[in-house]
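Q: target_26.tsv is reproduced below (TSV, C-alpha atoms and all ligand atoms).
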chain	number	residue	atom	x	y	z
C	1	MET	CA	146.71	98.12	88.74
C	2	ARG	CA	144.86	95.10	87.40
C	3	ASN	CA	145.52	93.18	90.63
C	4	ARG	CA	144.10	95.99	92.62
C	5	ASN	CA	140.88	95.90	90.60
C	6	ILE	CA	140.55	92.18	91.18
C	7	ILE	CA	141.05	92.66	94.90
C	8	ALA	CA	138.40	95.39	94.92
C	9	VAL	CA	135.90	93.15	93.11
C	10	VAL	CA	136.59	90.19	95.38
C	11	LEU	CA	136.37	92.37	98.45
C	12	SER	CA	133.07	93.94	97.48
C	13	ALA	CA	131.61	90.52	96.59
C	14	TRP	CA	132.71	89.21	99.98
C	15	LEU	CA	131.21	92.20	101.75
C	16	THR	CA	127.89	91.73	99.94
C	17	TRP	CA	127.92	88.08	100.97
C	18	ILE	CA	128.99	88.62	104.54
C	19	SER	CA	126.65	91.45	105.58
C	20	PRO	CA	123.38	89.47	105.49
C	21	GLN	CA	125.14	86.60	107.32
C	22	VAL	CA	126.18	88.99	110.07
C	23	ASN	CA	122.66	90.39	110.32
C	24	ALA	CA	121.13	86.90	110.35
C	25	ASP	CA	123.22	85.99	113.38
C	26	SER	CA	121.15	88.16	115.68
C	27	SER	CA	120.37	85.31	118.10
C	28	LYS	CA	122.65	86.91	120.68
C	29	GLU	CA	120.87	90.22	120.31
C	30	GLU	CA	117.44	88.62	120.72
C	31	GLU	CA	118.43	87.19	124.07
C	32	VAL	CA	119.04	90.67	125.37
C	33	PHE	CA	116.63	91.89	128.00
C	34	VAL	CA	114.20	94.55	126.79
C	35	GLU	CA	112.99	97.10	129.36
C	36	TRP	CA	109.26	97.17	130.10
C	37	LYS	CA	107.06	99.34	132.28
C	38	VAL	CA	104.12	98.26	134.43
C	39	THR	CA	101.17	100.61	134.84
C	40	ASP	CA	97.92	99.50	136.54
C	41	LEU	CA	99.04	95.84	136.64
C	42	LYS	CA	99.64	95.66	132.93
C	43	ILE	CA	102.32	96.26	130.28
C	44	GLN	CA	100.63	98.37	127.64
C	45	GLU	CA	103.42	98.56	125.05
C	46	PRO	CA	104.61	95.50	123.09
C	47	LEU	CA	108.22	94.71	124.04
C	48	ALA	CA	110.60	96.60	121.71
C	49	GLY	CA	107.50	97.54	119.66
C	50	LEU	CA	107.52	94.02	118.18
C	51	GLU	CA	104.51	92.40	116.55
C	52	GLY	CA	103.60	88.90	117.72
C	53	ASP	CA	102.73	85.94	115.51
C	54	PRO	CA	100.12	83.67	117.17
C	55	ARG	CA	101.27	80.59	115.20
C	56	TRP	CA	104.82	80.94	116.53
C	57	GLY	CA	103.41	81.68	119.97
C	58	ARG	CA	101.58	78.36	119.95
C	59	THR	CA	104.85	76.60	119.09
C	60	VAL	CA	106.78	78.47	121.79
C	61	ALA	CA	104.06	77.58	124.33
C	62	ILE	CA	104.23	73.82	123.69
C	63	THR	CA	108.02	73.53	123.21
C	64	PRO	CA	109.60	72.14	126.40
C	65	THR	CA	112.83	74.14	125.99
C	66	LYS	CA	110.89	77.38	125.38
C	67	GLY	CA	107.61	78.22	127.15
C	68	ASN	CA	106.91	74.71	128.40
C	69	CYS	CA	103.44	75.97	129.38
C	70	LEU	CA	101.98	72.44	129.13
C	71	ALA	CA	104.07	71.36	132.11
C	72	CYS	CA	101.63	73.34	134.27
C	73	HIS	CA	98.65	74.34	132.11
C	74	ALA	CA	96.04	72.72	129.90
C	75	LEU	CA	95.83	74.34	126.44
C	76	PRO	CA	93.19	73.72	123.75
C	77	ILE	CA	95.70	71.72	121.68
C	78	ALA	CA	94.30	68.24	121.06
C	79	GLU	CA	97.40	66.66	119.49
C	80	GLN	CA	99.42	67.18	122.68
C	81	GLU	CA	99.02	64.29	125.09
C	82	PHE	CA	100.24	65.78	128.34
C	83	HIS	CA	98.55	68.83	129.87
C	84	GLY	CA	99.57	70.06	133.31
C	85	THR	CA	97.26	70.87	136.20
C	86	VAL	CA	99.57	72.98	138.42
C	87	GLY	CA	98.13	76.19	136.93
C	88	PRO	CA	94.61	77.00	135.68
C	89	PRO	CA	93.56	75.81	132.18
C	90	LEU	CA	94.32	78.59	129.67
C	91	GLU	CA	91.30	78.08	127.45
C	92	GLY	CA	89.23	81.29	127.62
C	93	VAL	CA	92.10	83.23	129.20
C	94	ALA	CA	91.62	86.09	126.70
C	95	SER	CA	88.12	86.71	128.01
C	96	ARG	CA	89.49	87.05	131.54
C	97	TYR	CA	92.47	89.30	130.70
C	98	THR	CA	93.33	92.02	128.21
C	99	GLU	CA	96.38	91.72	125.96
C	100	ALA	CA	98.30	94.18	128.21
C	101	GLN	CA	97.48	92.13	131.33
C	102	LEU	CA	98.52	88.90	129.62
C	103	ARG	CA	101.85	90.55	128.72
C	104	LEU	CA	102.61	91.24	132.39
C	105	LEU	CA	101.47	87.75	133.44
C	106	LEU	CA	103.94	86.30	130.97
C	107	VAL	CA	106.82	88.72	131.49
C	108	ASP	CA	106.81	88.72	135.30
C	109	ILE	CA	103.80	87.11	136.99
C	110	LYS	CA	105.61	87.42	140.34
C	111	GLN	CA	104.65	91.11	140.43
C	112	LEU	CA	101.06	89.93	140.91
C	113	LYS	CA	101.65	86.59	142.67
C	114	PRO	CA	104.98	86.66	144.48
C	115	THR	CA	104.92	82.98	145.51
C	116	THR	CA	103.73	81.45	142.21
C	117	PRO	CA	105.77	78.55	140.76
C	118	MET	CA	105.31	80.05	137.27
C	119	PRO	CA	108.60	81.41	135.86
C	120	SER	CA	109.05	85.09	135.01
C	121	PHE	CA	109.70	84.72	131.30
C	122	HIS	CA	111.30	88.09	130.58
C	123	LYS	CA	112.77	89.49	133.76
C	124	ASN	CA	115.92	91.60	133.94
C	125	PRO	CA	118.70	88.98	134.30
C	126	ALA	CA	120.59	91.41	136.56
C	127	GLU	CA	117.80	91.01	139.14
C	128	LEU	CA	117.85	87.21	139.09
C	129	HIS	CA	119.83	85.31	141.68
C	130	ARG	CA	121.09	81.75	141.87
C	131	VAL	CA	120.75	81.15	138.14
C	132	ALA	CA	122.36	78.12	136.47
C	133	GLU	CA	125.46	79.02	134.43
C	134	ARG	CA	123.90	78.49	130.98
C	135	PHE	CA	120.95	80.78	131.76
C	136	ARG	CA	123.05	83.57	133.26
C	137	GLY	CA	122.49	86.99	131.68
C	138	LYS	CA	119.56	85.66	129.61
C	139	THR	CA	115.81	85.88	129.78
C	140	VAL	CA	113.78	82.65	129.52
C	141	LEU	CA	111.96	83.90	126.41
C	142	THR	CA	113.13	86.59	124.00
C	143	ALA	CA	111.09	89.77	123.49
C	144	GLN	CA	109.86	88.35	120.17
C	145	GLU	CA	108.83	85.06	121.78
C	146	ILE	CA	106.95	86.97	124.50
C	147	GLU	CA	105.00	88.91	121.86
C	148	ASP	CA	104.32	85.69	119.91
C	149	VAL	CA	102.93	83.93	123.01
C	150	VAL	CA	100.87	87.02	123.95
C	151	ALA	CA	99.43	87.01	120.40
C	152	TYR	CA	98.59	83.30	120.78
C	153	LEU	CA	96.98	83.78	124.21
C	154	THR	CA	94.74	86.56	122.87
C	155	THR	CA	93.23	83.98	120.47
C	156	LEU	CA	92.09	81.85	123.46
C	157	LYS	CA	88.71	83.52	123.91
C	201	LIG	C1	105.92	75.74	136.69
C	201	LIG	C2	104.51	75.86	136.32
C	201	LIG	C3	104.09	76.88	135.30
C	201	LIG	C4	104.59	77.08	134.05
C	201	LIG	C5	105.75	76.39	133.36
C	201	LIG	C6	103.75	78.09	133.45
C	201	LIG	N1	102.79	78.50	134.32
C	201	LIG	FE1	101.35	79.89	133.99
C	201	LIG	N2	100.68	79.71	135.88
C	201	LIG	C7	101.12	78.75	136.78
C	201	LIG	C8	100.34	78.87	138.01
C	201	LIG	C9	100.49	78.01	139.26
C	201	LIG	C10	99.41	79.93	137.80
C	201	LIG	C11	98.36	80.49	138.75
C	201	LIG	C12	98.96	81.67	139.47
C	201	LIG	C13	99.23	81.35	140.89
C	201	LIG	O1	100.30	80.85	141.22
C	201	LIG	O2	98.30	81.56	141.71
C	201	LIG	C14	99.65	80.42	136.45
C	201	LIG	C15	98.92	81.43	135.86
C	201	LIG	C16	98.99	81.77	134.53
C	201	LIG	C17	98.13	82.73	133.88
C	201	LIG	C18	96.94	83.45	134.52
C	201	LIG	C19	95.78	82.51	134.35
C	201	LIG	C20	94.54	82.87	135.09
C	201	LIG	O3	93.48	82.37	134.70
C	201	LIG	O4	94.61	83.63	136.07
C	201	LIG	C21	98.50	82.78	132.57
C	201	LIG	C22	97.88	83.61	131.46
C	201	LIG	C23	99.61	81.86	132.41
C	201	LIG	N3	99.88	81.27	133.62
C	201	LIG	C24	100.25	81.63	131.21
C	201	LIG	C25	101.35	80.78	131.08
C	201	LIG	C26	102.01	80.56	129.83
C	201	LIG	C27	101.60	81.17	128.50
C	201	LIG	C28	103.07	79.73	130.09
C	201	LIG	C29	104.13	79.26	129.13
C	201	LIG	C30	104.82	80.30	128.39
C	201	LIG	C31	103.02	79.39	131.51
C	201	LIG	N4	101.97	80.04	132.07
C	201	LIG	C32	103.92	78.55	132.15
C	201	LIG	C33	102.15	77.86	136.59
C	201	LIG	C34	102.95	77.78	135.46
Rewrite the coordinates I just gave you, this time as structure tokens.
A:
Amino acid sequence: MRNRNIIAVVLSAWLTWISPQVNADSSKEEEVFVEWKVTDLKIQEPLAGLEGDPRWGRTVAITPTKGNCLACHALPIAEQEFHGTVGPPLEGVASRYTEAQLRLLLVDIKQLKPTTPMPSFHKNPAELHRVAERFRGKTVLTAQEIEDVVAYLTTLK
């Protein structure tokens, strides 16, 4: 009887410890493609209803393994040495586009410019062809990262 109580206590302690760990390991989940809908050349609804954080968006934009936007664009970020010239400078981009238009540009710019070298950052992996093994089944940026970058871009007035 006593043993059984000890087991119950240990088990419940372990369960309390393990559940947040399981929840914290949601990196796999975040890589999952989130459906979006284009109307009038824009995506009105935030992906998965997520709220973007402009500070994270700035980090995602300048991180080479994430957005890598600086490879092709100039951004108003003085401490970064290299700014690309393949695409237009993004300063003032929020006065040219609405948030919903920026979301489509980021998610799948090829809908507007089919031959652009800019990657589609959140396209359905099932529709992508000839993808390197480690990127297979994944989007370039997660839904959260898309919303973070959109939030950052809307600050570039
Ligand atoms: C491989 C190069 C490349 C990368 C990387 C890239 N872009 Fe672009 N982007 C372009 C080009 C080129 C255009 C112009 C569209 C075209 O092809 O005519 C463009 C256009 C845009 C536009 C529309 C700008 C305008 O004034 O019309 C936005 C917004 C934009 N990019 C945001 C981003 C962001 C944010 C990132 C990083 C997450 C990024 N791009 C990464 C090449 C790139």
Q: Ranking C:Thr142, C:Gln44, C:Gln80, C:Asn124 by minimum distance to ligand LIG 201 (chain C) and counting all atoms listed in the file, which one comes first?
A: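 Checking each of C:Thr142, C:Gln44, C:Gln80, C:Asn124 against ligand LIG 201 (chain C), counting all atoms listed in the file, the winner is C:Thr142.
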Q: Please identify all protein, DNA and RNA residues within 7 Å of ligand LIG 201 (chain C), counting all atoms listed in the file, and report them as a PyMOL selection string.
A: chain C and resi 61+67-73+86-88+90+93+96+102+105-106+113+115-119+149+153
Q: Please compute the atom CA of Gly92 of chain C-atom CA of Ile62 of chain C distance, one decimal, in Å.
A: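 Distance between the two atoms: 17.2 Å.
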Q: Report the distance between atom CA of Leu112 of chain C and atom CA of Leu41 of chain C in Å, rounded to one decimal place.
A: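 We find that atom CA of Leu112 of chain C and atom CA of Leu41 of chain C lie 7.6 Å from each other.
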Q: So how many Å separate atom CA of Phe135 of chain C and atom CA of Tyr152 of chain C, to one decimal?
A: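 Computed distance, atom CA of Phe135 of chain C to atom CA of Tyr152 of chain C, equals 25.0 Å.
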Q: Given 4 Å of margin on each side, can you work out the centre and size in Å (one decimal) of an axis-aligned box holding every listed atom of segment 54-58 of chain C, as AutoDock Vina command-line options?
A:
--center_x 102.5 --center_y 81.0 --center_z 117.6 --size_x 12.7 --size_y 13.3 --size_z 12.8
Q: For Lys37 of chain C, work out the shell of residues within 12 Å, counting only C-alpha atoms and skipping chain neighbours fewer than 5 positions away, then give it as a PDB file with C-alpha atoms, keeping the file's coordinate frame.
A:
ATOM      1  CA  LYS C  42      99.640  95.660 132.930  1.00  0.00           C
ATOM      2  CA  ILE C  43     102.320  96.260 130.280  1.00  0.00           C
ATOM      3  CA  GLN C  44     100.630  98.370 127.640  1.00  0.00           C
ATOM      4  CA  GLU C  45     103.420  98.560 125.050  1.00  0.00           C
ATOM      5  CA  PRO C  46     104.610  95.500 123.090  1.00  0.00           C
ATOM      6  CA  LEU C  47     108.220  94.710 124.040  1.00  0.00           C
ATOM      7  CA  ALA C  48     110.600  96.600 121.710  1.00  0.00           C
ATOM      8  CA  ALA C 100      98.300  94.180 128.210  1.00  0.00           C
ATOM      9  CA  ARG C 103     101.850  90.550 128.720  1.00  0.00           C
ATOM     10  CA  LEU C 104     102.610  91.240 132.390  1.00  0.00           C
ATOM     11  CA  VAL C 107     106.820  88.720 131.490  1.00  0.00           C
ATOM     12  CA  ASP C 108     106.810  88.720 135.300  1.00  0.00           C
ATOM     13  CA  GLN C 111     104.650  91.110 140.430  1.00  0.00           C
ATOM     14  CA  LYS C 123     112.770  89.490 133.760  1.00  0.00           C
ATOM     15  CA  ASN C 124     115.920  91.600 133.940  1.00  0.00           C
TER      16      ASN C 124
END
Q: I'd like the contact shell of Glu91 of chain C - 10 Å cut-off, all atoms listed in the file, skipping same-chain residues fewer than 2 positions apart - returned as a PDB file with C-alpha atoms, keeping the file's coordinate frame.
A:
ATOM      1  CA  HIS C  73      98.650  74.340 132.110  1.00  0.00           C
ATOM      2  CA  ALA C  74      96.040  72.720 129.900  1.00  0.00           C
ATOM      3  CA  LEU C  75      95.830  74.340 126.440  1.00  0.00           C
ATOM      4  CA  PRO C  76      93.190  73.720 123.750  1.00  0.00           C
ATOM      5  CA  ILE C  77      95.700  71.720 121.680  1.00  0.00           C
ATOM      6  CA  PRO C  88      94.610  77.000 135.680  1.00  0.00           C
ATOM      7  CA  PRO C  89      93.560  75.810 132.180  1.00  0.00           C
ATOM      8  CA  VAL C  93      92.100  83.230 129.200  1.00  0.00           C
ATOM      9  CA  ALA C  94      91.620  86.090 126.700  1.00  0.00           C
ATOM     10  CA  SER C  95      88.120  86.710 128.010  1.00  0.00           C
ATOM     11  CA  LEU C 153      96.980  83.780 124.210  1.00  0.00           C
ATOM     12  CA  THR C 155      93.230  83.980 120.470  1.00  0.00           C
ATOM     13  CA  LEU C 156      92.090  81.850 123.460  1.00  0.00           C
ATOM     14  CA  LYS C 157      88.710  83.520 123.910  1.00  0.00           C
TER      15      LYS C 157
END
Q: Where atoms are missing, can you supply all heavy atoms for segment 68-79 of chain C and output the lot as a CSV table (one decimal), in the coordinates of the input?
A:
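Contents of selection_1.csv, as written:
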chain,number,residue,atom,x,y,z
C,68,ASN,N,107.2,75.9,127.6
C,68,ASN,CA,106.9,74.7,128.4
C,68,ASN,C,105.6,74.9,129.2
C,68,ASN,O,105.5,74.4,130.3
C,68,ASN,CB,108.1,74.4,129.3
C,68,ASN,CG,108.0,73.0,129.9
C,68,ASN,OD1,107.4,72.1,129.3
C,68,ASN,ND2,108.7,72.8,131.0
C,69,CYS,N,104.7,75.6,128.7
C,69,CYS,CA,103.4,76.0,129.4
C,69,CYS,C,102.7,74.7,129.7
C,69,CYS,O,102.0,74.7,130.8
C,69,CYS,CB,102.6,76.9,128.5
C,69,CYS,SG,103.4,78.2,127.7
C,70,LEU,N,102.8,73.7,128.9
C,70,LEU,CA,102.0,72.4,129.1
C,70,LEU,C,102.4,71.7,130.4
C,70,LEU,O,101.7,70.8,130.9
C,70,LEU,CB,102.1,71.5,127.9
C,70,LEU,CG,101.3,71.9,126.7
C,70,LEU,CD1,101.6,71.0,125.5
C,70,LEU,CD2,99.8,72.0,126.9
C,71,ALA,N,103.6,72.0,130.9
C,71,ALA,CA,104.1,71.4,132.1
C,71,ALA,C,103.1,71.7,133.2
C,71,ALA,O,102.9,70.9,134.2
C,71,ALA,CB,105.5,71.8,132.5
C,72,CYS,N,102.5,72.9,133.2
C,72,CYS,CA,101.6,73.3,134.3
C,72,CYS,C,100.2,73.7,133.9
C,72,CYS,O,99.3,73.8,134.7
C,72,CYS,CB,102.3,74.6,134.9
C,72,CYS,SG,103.9,74.3,135.6
C,73,HIS,N,100.0,73.9,132.6
C,73,HIS,CA,98.6,74.3,132.1
C,73,HIS,C,98.1,73.4,131.1
C,73,HIS,O,98.8,72.8,130.3
C,73,HIS,CB,98.7,75.7,131.4
C,73,HIS,CG,99.1,76.8,132.3
C,73,HIS,ND1,98.3,77.4,133.2
C,73,HIS,CD2,100.3,77.5,132.5
C,73,HIS,CE1,98.9,78.4,133.9
C,73,HIS,NE2,100.1,78.4,133.5
C,74,ALA,N,96.7,73.3,131.0
C,74,ALA,CA,96.0,72.7,129.9
C,74,ALA,C,95.8,73.8,128.8
C,74,ALA,O,95.5,74.9,129.2
C,74,ALA,CB,94.7,72.2,130.4
C,75,LEU,N,96.1,73.4,127.6
C,75,LEU,CA,95.8,74.3,126.4
C,75,LEU,C,94.9,73.6,125.5
C,75,LEU,O,94.9,72.4,125.4
C,75,LEU,CB,97.1,74.7,125.7
C,75,LEU,CG,98.1,75.7,126.4
C,75,LEU,CD1,99.4,75.7,125.7
C,75,LEU,CD2,97.5,77.1,126.4
C,76,PRO,N,94.1,74.4,124.7
C,76,PRO,CA,93.2,73.7,123.8
C,76,PRO,C,94.0,73.2,122.5
C,76,PRO,O,93.8,73.7,121.4
C,76,PRO,CB,92.2,74.8,123.4
C,76,PRO,CG,92.9,76.1,123.7
C,76,PRO,CD,93.9,75.8,124.8
C,77,ILE,N,94.9,72.3,122.8
C,77,ILE,CA,95.7,71.7,121.7
C,77,ILE,C,95.6,70.2,121.8
C,77,ILE,O,96.2,69.6,122.6
C,77,ILE,CB,97.2,72.2,121.8
C,77,ILE,CG1,97.3,73.7,121.8
C,77,ILE,CG2,98.0,71.5,120.7
C,77,ILE,CD1,98.7,74.2,121.9
C,78,ALA,N,94.7,69.6,120.9
C,78,ALA,CA,94.3,68.2,121.1
C,78,ALA,C,95.4,67.3,120.8
C,78,ALA,O,95.5,66.2,121.4
C,78,ALA,CB,93.1,67.9,120.1
C,79,GLU,N,96.4,67.6,119.9
C,79,GLU,CA,97.4,66.7,119.5
C,79,GLU,C,98.5,66.5,120.6
C,79,GLU,O,99.3,65.6,120.5
C,79,GLU,CB,98.0,67.0,118.1
C,79,GLU,CG,99.0,68.1,118.1
C,79,GLU,CD,98.4,69.5,117.8
C,79,GLU,OE1,97.2,69.6,117.9
C,79,GLU,OE2,99.1,70.4,117.4
